[in-house]
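Shown here: upload_12.csv, CSV, C-alpha atoms.
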```
chain,number,residue,atom,x,y,z
A,1,MET,CA,-135.3,124.7,64.7
A,2,GLN,CA,-134.8,124.3,68.4
A,3,MET,CA,-136.1,121.2,70.3
A,4,THR,CA,-136.9,123.0,73.5
A,5,ARG,CA,-139.8,125.1,74.6
A,6,LEU,CA,-139.8,127.8,77.3
A,7,GLY,CA,-139.3,126.2,80.6
A,8,GLY,CA,-137.1,123.5,79.1
A,9,ALA,CA,-139.8,121.0,78.1
A,10,PRO,CA,-138.7,119.2,74.9
A,11,GLU,CA,-140.6,119.9,71.8
A,12,LEU,CA,-142.0,116.7,70.2
A,13,ASN,CA,-141.0,117.3,66.6
A,14,VAL,CA,-139.1,115.4,63.9
A,15,ASP,CA,-135.7,116.3,65.3
A,16,MET,CA,-136.7,114.7,68.6
A,17,GLY,CA,-138.1,111.7,66.7
A,18,ILE,CA,-134.8,111.2,64.9
A,19,LEU,CA,-132.8,111.5,68.1
A,20,VAL,CA,-135.1,109.0,69.9
A,21,GLY,CA,-134.8,106.6,66.9
A,22,ILE,CA,-131.0,106.8,67.0
A,23,LEU,CA,-130.8,106.3,70.8
A,24,LEU,CA,-133.1,103.3,70.7
A,25,THR,CA,-131.0,101.6,68.0
A,26,ASP,CA,-127.3,102.5,68.5
A,27,GLY,CA,-127.5,104.6,71.7
A,28,SER,CA,-128.2,104.4,75.4
A,29,ILE,CA,-128.9,106.5,78.5
A,30,SER,CA,-127.4,105.3,81.7
A,31,LYS,CA,-127.2,106.5,85.3
A,32,LYS,CA,-124.4,105.9,87.7
A,33,HIS,CA,-123.9,107.6,91.1
A,34,ASN,CA,-126.6,110.2,90.3
A,35,SER,CA,-124.8,111.0,87.0
A,36,TYR,CA,-126.4,110.5,83.6
A,37,SER,CA,-124.7,109.6,80.4
A,38,ILE,CA,-126.2,109.8,76.9
A,39,GLU,CA,-124.2,107.8,74.5
A,40,LEU,CA,-124.0,106.8,70.8
A,41,SER,CA,-121.8,104.0,69.9
A,42,GLY,CA,-121.0,102.8,66.3
A,43,LYS,CA,-118.7,103.0,63.3
A,44,SER,CA,-120.5,105.6,61.2
A,45,LYS,CA,-119.0,109.1,61.3
A,46,ARG,CA,-122.2,110.5,59.8
A,47,LEU,CA,-124.4,109.1,62.5
A,48,HIS,CA,-122.2,110.6,65.2
A,49,GLU,CA,-122.5,114.0,63.4
A,50,ILE,CA,-126.3,113.7,63.3
A,51,PHE,CA,-126.4,112.7,67.0
A,52,LYS,CA,-124.3,115.8,68.0
A,53,GLU,CA,-126.4,118.0,65.8
A,54,LYS,CA,-129.7,116.9,67.5
A,55,MET,CA,-128.1,117.1,71.0
A,56,LYS,CA,-127.0,120.6,70.4
A,57,ARG,CA,-130.6,121.6,69.6
A,58,LEU,CA,-131.4,120.4,73.1
A,59,GLY,CA,-128.9,122.9,74.5
A,60,THR,CA,-125.9,120.7,75.1
A,61,SER,CA,-122.5,121.2,73.4
A,62,LYS,CA,-120.0,119.3,75.5
A,63,PHE,CA,-119.1,115.9,73.9
A,64,LEU,CA,-116.7,113.3,75.0
A,65,GLU,CA,-115.5,111.3,72.0
A,66,ILE,CA,-113.7,107.9,72.7
A,67,CYS,CA,-112.2,105.3,70.4
A,68,ASP,CA,-111.6,101.9,72.2
A,69,SER,CA,-108.1,100.6,71.6
A,70,ARG,CA,-109.6,97.1,71.3
A,71,TYR,CA,-112.1,98.2,68.6
A,72,PRO,CA,-110.5,101.2,66.9
A,73,ASP,CA,-113.2,101.4,64.2
A,74,ILE,CA,-115.9,101.9,66.8
A,75,ARG,CA,-116.3,105.3,68.3
A,76,ARG,CA,-118.4,106.5,71.3
A,77,THR,CA,-119.8,110.0,71.6
A,78,ILE,CA,-120.9,110.7,75.2
A,79,VAL,CA,-122.9,113.6,76.7
A,80,ASN,CA,-123.0,113.9,80.5
A,81,ASP,CA,-126.1,116.1,81.0
A,82,GLY,CA,-128.6,115.1,83.6
A,83,LYS,CA,-131.2,117.7,82.6
A,84,VAL,CA,-131.3,116.5,79.0
A,85,ALA,CA,-131.2,112.9,80.0
A,86,LYS,CA,-134.2,113.4,82.3
A,87,SER,CA,-136.1,115.2,79.5
A,88,LEU,CA,-135.5,112.2,77.2
A,89,LEU,CA,-136.5,109.8,79.8
A,90,GLY,CA,-139.7,111.7,80.2
A,91,ILE,CA,-140.5,110.8,76.6
A,92,VAL,CA,-139.3,107.2,76.5
A,93,PRO,CA,-139.3,105.2,79.8
A,94,THR,CA,-136.0,103.6,79.1
A,95,PHE,CA,-133.5,103.4,76.3
A,96,ARG,CA,-132.3,100.0,77.3
A,97,THR,CA,-133.4,97.5,74.7
A,98,LYS,CA,-131.3,94.5,75.7
A,99,GLN,CA,-133.2,91.5,77.1
A,100,PHE,CA,-132.9,90.9,80.9
A,101,GLU,CA,-131.5,87.6,82.2
A,102,ASN,CA,-135.0,86.4,83.2
A,103,GLY,CA,-136.1,86.7,79.5
A,104,ASN,CA,-138.2,89.8,79.9
A,105,PHE,CA,-137.5,93.0,77.9
A,106,PRO,CA,-137.4,96.5,79.3
A,107,PRO,CA,-140.3,98.8,78.6
A,108,ALA,CA,-138.5,100.6,75.7
A,109,LYS,CA,-140.8,101.9,72.9
A,110,LEU,CA,-141.2,104.5,70.2
A,111,PRO,CA,-143.2,107.3,71.7
A,112,GLU,CA,-146.7,108.0,70.3
A,113,PHE,CA,-145.8,111.4,69.0
A,114,ILE,CA,-143.7,109.8,66.2
A,115,PHE,CA,-146.9,108.2,64.8
A,116,ASP,CA,-148.5,111.6,64.8
A,117,LEU,CA,-145.8,113.2,62.6
A,118,ASN,CA,-146.6,113.8,59.0
A,119,SER,CA,-145.4,111.3,56.4
A,120,LYS,CA,-142.2,113.1,55.5
A,121,GLU,CA,-141.2,113.4,59.1
A,122,ARG,CA,-142.0,109.7,59.9
A,123,SER,CA,-139.9,108.8,56.9
A,124,ALA,CA,-137.0,110.8,58.4
A,125,VAL,CA,-137.3,108.8,61.7
A,126,LEU,CA,-137.3,105.5,59.8
A,127,GLN,CA,-134.4,106.6,57.7
A,128,ALA,CA,-132.3,107.3,60.9
A,129,MET,CA,-133.3,104.0,62.5
A,130,PHE,CA,-132.6,102.0,59.3
A,131,SER,CA,-129.2,103.8,59.0
A,132,CYS,CA,-128.3,102.5,62.4
A,133,ASP,CA,-129.8,98.9,62.5
A,134,GLY,CA,-130.8,98.4,58.9
A,135,CYS,CA,-129.1,97.4,55.7
A,136,ILE,CA,-129.6,96.5,52.1
A,137,SER,CA,-128.6,92.8,51.7
A,138,LEU,CA,-127.3,91.9,48.2
A,139,TRP,CA,-126.1,88.5,47.2
A,140,ILE,CA,-125.8,86.4,44.2
A,141,VAL,CA,-126.9,82.8,43.5
A,142,ARG,CA,-126.8,80.5,40.5
A,143,ASN,CA,-130.1,79.2,39.4
A,144,LYS,CA,-129.0,75.7,38.2
A,145,ARG,CA,-132.3,74.9,36.7
A,146,TRP,CA,-132.3,77.8,34.3
A,147,ASP,CA,-128.5,78.2,34.2
A,148,VAL,CA,-128.7,81.9,35.1
A,149,TRP,CA,-127.4,84.3,37.8
A,150,GLU,CA,-129.9,85.7,40.2
A,151,ILE,CA,-129.1,88.9,42.2
A,152,LYS,CA,-131.1,88.5,45.4
A,153,LYS,CA,-131.8,91.5,47.6
A,154,TRP,CA,-133.9,92.7,50.5
A,155,VAL,CA,-133.9,95.6,52.9
A,156,LYS,CA,-133.5,94.4,56.5
A,157,PHE,CA,-134.0,96.0,59.9
A,158,ALA,CA,-132.6,94.0,62.9
A,159,CYS,CA,-134.2,94.5,66.2
A,160,LYS,CA,-134.4,92.1,69.2
A,161,HIS,CA,-136.8,94.1,71.2
A,162,PRO,CA,-140.3,92.8,70.3
A,163,ARG,CA,-142.3,96.0,70.9
A,164,ILE,CA,-139.9,98.2,68.9
A,165,ARG,CA,-139.8,95.6,66.1
A,166,LYS,CA,-143.7,95.7,66.0
A,167,GLN,CA,-143.8,99.5,66.0
A,168,VAL,CA,-141.3,99.7,63.1
A,169,TYR,CA,-143.4,97.1,61.3
A,170,GLU,CA,-146.5,99.3,61.9
A,171,LEU,CA,-144.8,102.4,60.6
A,172,LEU,CA,-143.8,100.6,57.4
A,173,ALA,CA,-147.2,99.1,56.9
A,174,GLY,CA,-148.7,102.6,57.4
A,175,PHE,CA,-146.8,103.7,54.3
A,176,GLY,CA,-148.2,100.8,52.3
A,177,TYR,CA,-145.2,98.5,52.5
A,178,ASN,CA,-145.6,94.7,52.9
A,179,PRO,CA,-142.9,94.0,55.6
A,180,VAL,CA,-142.2,90.5,56.8
A,181,ILE,CA,-141.2,89.8,60.4
A,182,ARG,CA,-138.8,86.9,60.9
A,183,GLU,CA,-139.1,86.3,64.6
A,184,GLU,CA,-136.4,83.6,64.7
A,185,ASN,CA,-133.9,86.2,63.4
A,186,ASP,CA,-135.3,89.2,65.2
A,187,GLU,CA,-135.7,91.2,61.9
A,188,ILE,CA,-138.0,92.9,59.6
A,189,LEU,CA,-137.6,92.3,55.8
A,190,LEU,CA,-138.8,94.1,52.7
A,191,THR,CA,-138.4,91.5,50.0
A,192,LYS,CA,-140.8,92.5,47.2
A,193,LYS,CA,-139.6,94.5,44.2
A,194,LYS,CA,-142.2,97.2,44.7
A,195,ASP,CA,-141.2,97.6,48.4
A,196,ILE,CA,-137.5,97.9,47.7
A,197,VAL,CA,-138.1,100.4,44.9
A,198,LYS,CA,-140.5,102.3,47.1
A,199,PHE,CA,-138.0,102.3,50.0
A,200,ALA,CA,-135.2,103.6,47.7
A,201,ARG,CA,-137.5,106.4,46.6
A,202,GLU,CA,-139.2,107.4,49.8
A,203,ILE,CA,-137.0,106.5,52.8
A,204,ARG,CA,-133.4,105.5,51.9
A,205,PHE,CA,-130.5,105.6,54.4
A,206,LEU,CA,-128.7,108.7,55.6
A,207,ASP,CA,-126.2,109.9,53.0
A,208,GLY,CA,-122.7,109.1,54.1
A,209,VAL,CA,-123.6,105.9,56.1
A,210,LYS,CA,-121.5,103.0,54.8
A,211,VAL,CA,-121.8,99.3,54.7
A,212,THR,CA,-119.7,97.6,57.5
A,213,LYS,CA,-117.6,94.5,57.4
A,214,ASP,CA,-120.8,92.5,58.3
A,215,SER,CA,-121.3,92.5,54.5
A,216,ARG,CA,-118.0,91.3,53.2
A,217,ASN,CA,-118.3,92.1,49.5
A,218,TRP,CA,-119.8,95.6,49.8
A,219,GLU,CA,-117.9,96.9,52.9
A,220,GLY,CA,-117.0,100.5,52.5
A,221,PHE,CA,-119.6,101.4,49.9
A,222,GLU,CA,-122.4,103.8,50.9
A,223,LYS,CA,-125.6,101.9,51.8
A,224,ASN,CA,-127.5,104.2,49.4
A,225,SER,CA,-125.2,103.2,46.6
A,226,VAL,CA,-125.9,99.5,47.2
A,227,LEU,CA,-129.6,100.2,47.5
A,228,ASP,CA,-129.6,102.1,44.2
A,229,PHE,CA,-127.8,99.2,42.5
A,230,ALA,CA,-130.3,96.8,44.0
A,231,VAL,CA,-133.1,98.7,42.2
A,232,GLU,CA,-131.1,99.0,39.0
A,233,SER,CA,-130.3,95.3,39.1
A,234,TYR,CA,-134.0,94.5,38.3
A,235,SER,CA,-133.3,95.6,34.7
A,236,ILE,CA,-130.0,93.8,34.1
A,237,LYS,CA,-130.3,91.4,31.2
A,238,GLN,CA,-129.1,87.9,31.6
A,239,ASP,CA,-127.1,88.2,28.4
A,240,ALA,CA,-124.9,90.8,30.1
A,241,ILE,CA,-123.9,88.5,33.0
A,242,ARG,CA,-124.6,84.9,31.8
A,243,ASN,CA,-121.0,84.0,31.2
A,244,PHE,CA,-119.5,85.5,34.4
A,245,ASN,CA,-118.3,83.3,37.2
A,246,ARG,CA,-119.1,84.4,40.7
A,247,LYS,CA,-115.9,86.4,41.2
A,248,GLU,CA,-116.4,88.2,37.9
A,249,LEU,CA,-120.0,89.1,38.8
A,250,ILE,CA,-118.9,90.5,42.2
A,251,SER,CA,-116.3,92.6,40.3
A,252,PHE,CA,-119.0,93.7,37.9
A,253,ILE,CA,-121.2,94.9,40.8
A,254,LYS,CA,-118.3,96.6,42.5
A,255,SER,CA,-117.5,98.4,39.3
A,256,ALA,CA,-121.0,99.6,39.0
A,257,LEU,CA,-121.0,100.8,42.6
A,258,ASN,CA,-117.7,102.7,42.1
A,259,SER,CA,-119.1,104.4,39.0
A,260,SER,CA,-122.1,105.6,41.0
A,261,GLY,CA,-120.1,108.3,42.6
A,262,HIS,CA,-119.6,106.6,46.0
A,263,PRO,CA,-116.2,104.8,45.8
A,264,THR,CA,-115.0,102.6,48.6
A,265,ALA,CA,-113.6,104.2,51.6
A,266,SER,CA,-112.2,103.0,55.0
```
Can I see the file as structure tokens?
Amino acid sequence: MQMTRLGGAPELNVDMGILVGILLTDGSISKKHNSYSIELSGKSKRLHEIFKEKMKRLGTSKFLEICDSRYPDIRRTIVNDGKVAKSLLGIVPTFRTKQFENGNFPPAKLPEFIFDLNSKERSAVLQAMFSCDGCISLWIVRNKRWDVWEIKKWVKFACKHPRIRKQVYELLAGFGYNPVIREENDEILLTKKKDIVKFAREIRFLDGVKVTKDSRNWEGFEKNSVLDFAVESYSIKQDAIRNFNRKELISFIKSALNSSGHPTAS
């Protein structure tokens, strides 16, 4: 499926929605000396593959790929194509989401056509955005009152831009989720069991996208593996883990993640 119509006008379909979602999270479009650059920056090889795939459907195939010597695990994929950049900027007024020094935010937003996509297509856009700026948080605490381990979890989407954060909230709510916005942390959370199970079944993350070092214990595992374990953990009996110490319980979880078919990788 191509993303262009006759005359070069971009087609507002799910592929365009995914590309816009990726650029509003881990990407950017910049202009310098009348030259435009479209860029994706991040650690995930899979996300860079998706970015290039969607860009090729817009008719561009020349990519500059850079790894910064200071941050060798972060790669940049750059496209210098003014025609494509102008087409994208005709859909979204700006892809800058960073707050200005005066405290205001740029007028970035998800375009309305995304809200008009069917449910499967809207799920695909959310999947791409959560793969960039979302995660499954999984941590363990000891309930001293009942002397049991509790495996806490939530799905999180981090977004400082208030309008985009609200729009992602609206998309989730439209699917029947009960998202919670934590303004002080600039994030949206799914904390209820039914929401996490529903997310694992209906949206998920892109296959191949891995947890980064921001989550020390699960770094290198696929996000979907951690998500699936989070769902499975609701059925873990206390008798199976009661006598573990914290280190043993982390090893138990890692063993379960390894056996899921998605072993750790660099």
Within 8 Å of stretch 208-231 of chain A, which residues of stretch 81-147 of chain A come that close, and what is the closest atom pair and distance in Å for each? Count all atoms listed in the file and give it as a tab-separated table.
```
residue	atom	partner	partner_atom	distance
A:Ser131	CA	A:Val209	CA	6.6
A:Cys135	CA	A:Lys223	CA	6.9
A:Ile136	CA	A:Leu227	CA	5.9
A:Ser137	CA	A:Ser215	CA	7.8
A:Leu138	CA	A:Ala230	CA	7.1
```
File dump, residues just selected, C-alpha atoms, as a PDB file, in the coordinates of the input:
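File produced: part-v5.pdb:
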```
ATOM      1  CA  SER A 131    -129.200 103.800  59.000  1.00  0.00           C
ATOM      2  CA  CYS A 135    -129.100  97.400  55.700  1.00  0.00           C
ATOM      3  CA  ILE A 136    -129.600  96.500  52.100  1.00  0.00           C
ATOM      4  CA  SER A 137    -128.600  92.800  51.700  1.00  0.00           C
ATOM      5  CA  LEU A 138    -127.300  91.900  48.200  1.00  0.00           C
TER       6      LEU A 138
END
```
Just give me the gap between atom CA of A:Asn243 and atom CA of A:Lys194 in Å, one decimal is fine.
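One can read the atom CA of A:Asn243 to atom CA of A:Lys194 distance as 28.4 Å.
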Using all atoms listed in the file, pick whichever of A:Asp73, A:Asp186, A:Asp195, A:Glu232 has the shortest atom-to-atom distance to A:Asp133.
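Closest to A:Asp133, using all atoms listed in the file: A:Asp186.
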Residue nearest A:Leu64 - candidates A:Glu39, A:Asp239, A:Glu49, A:Glu150, atoms counted: only C-alpha atoms
A:Glu39
Within 9 Å of A:Glu121 using all atoms listed in the file, minus same-chain residues under 4 positions, as a VMD selection string
chain A and resid 13 to 15 17 to 18 114 117 125 to 126
Quick check, in Å to one decimal: how far apart do atom CA of A:Arg163 and atom CA of A:Leu23 lie?
15.4 Å
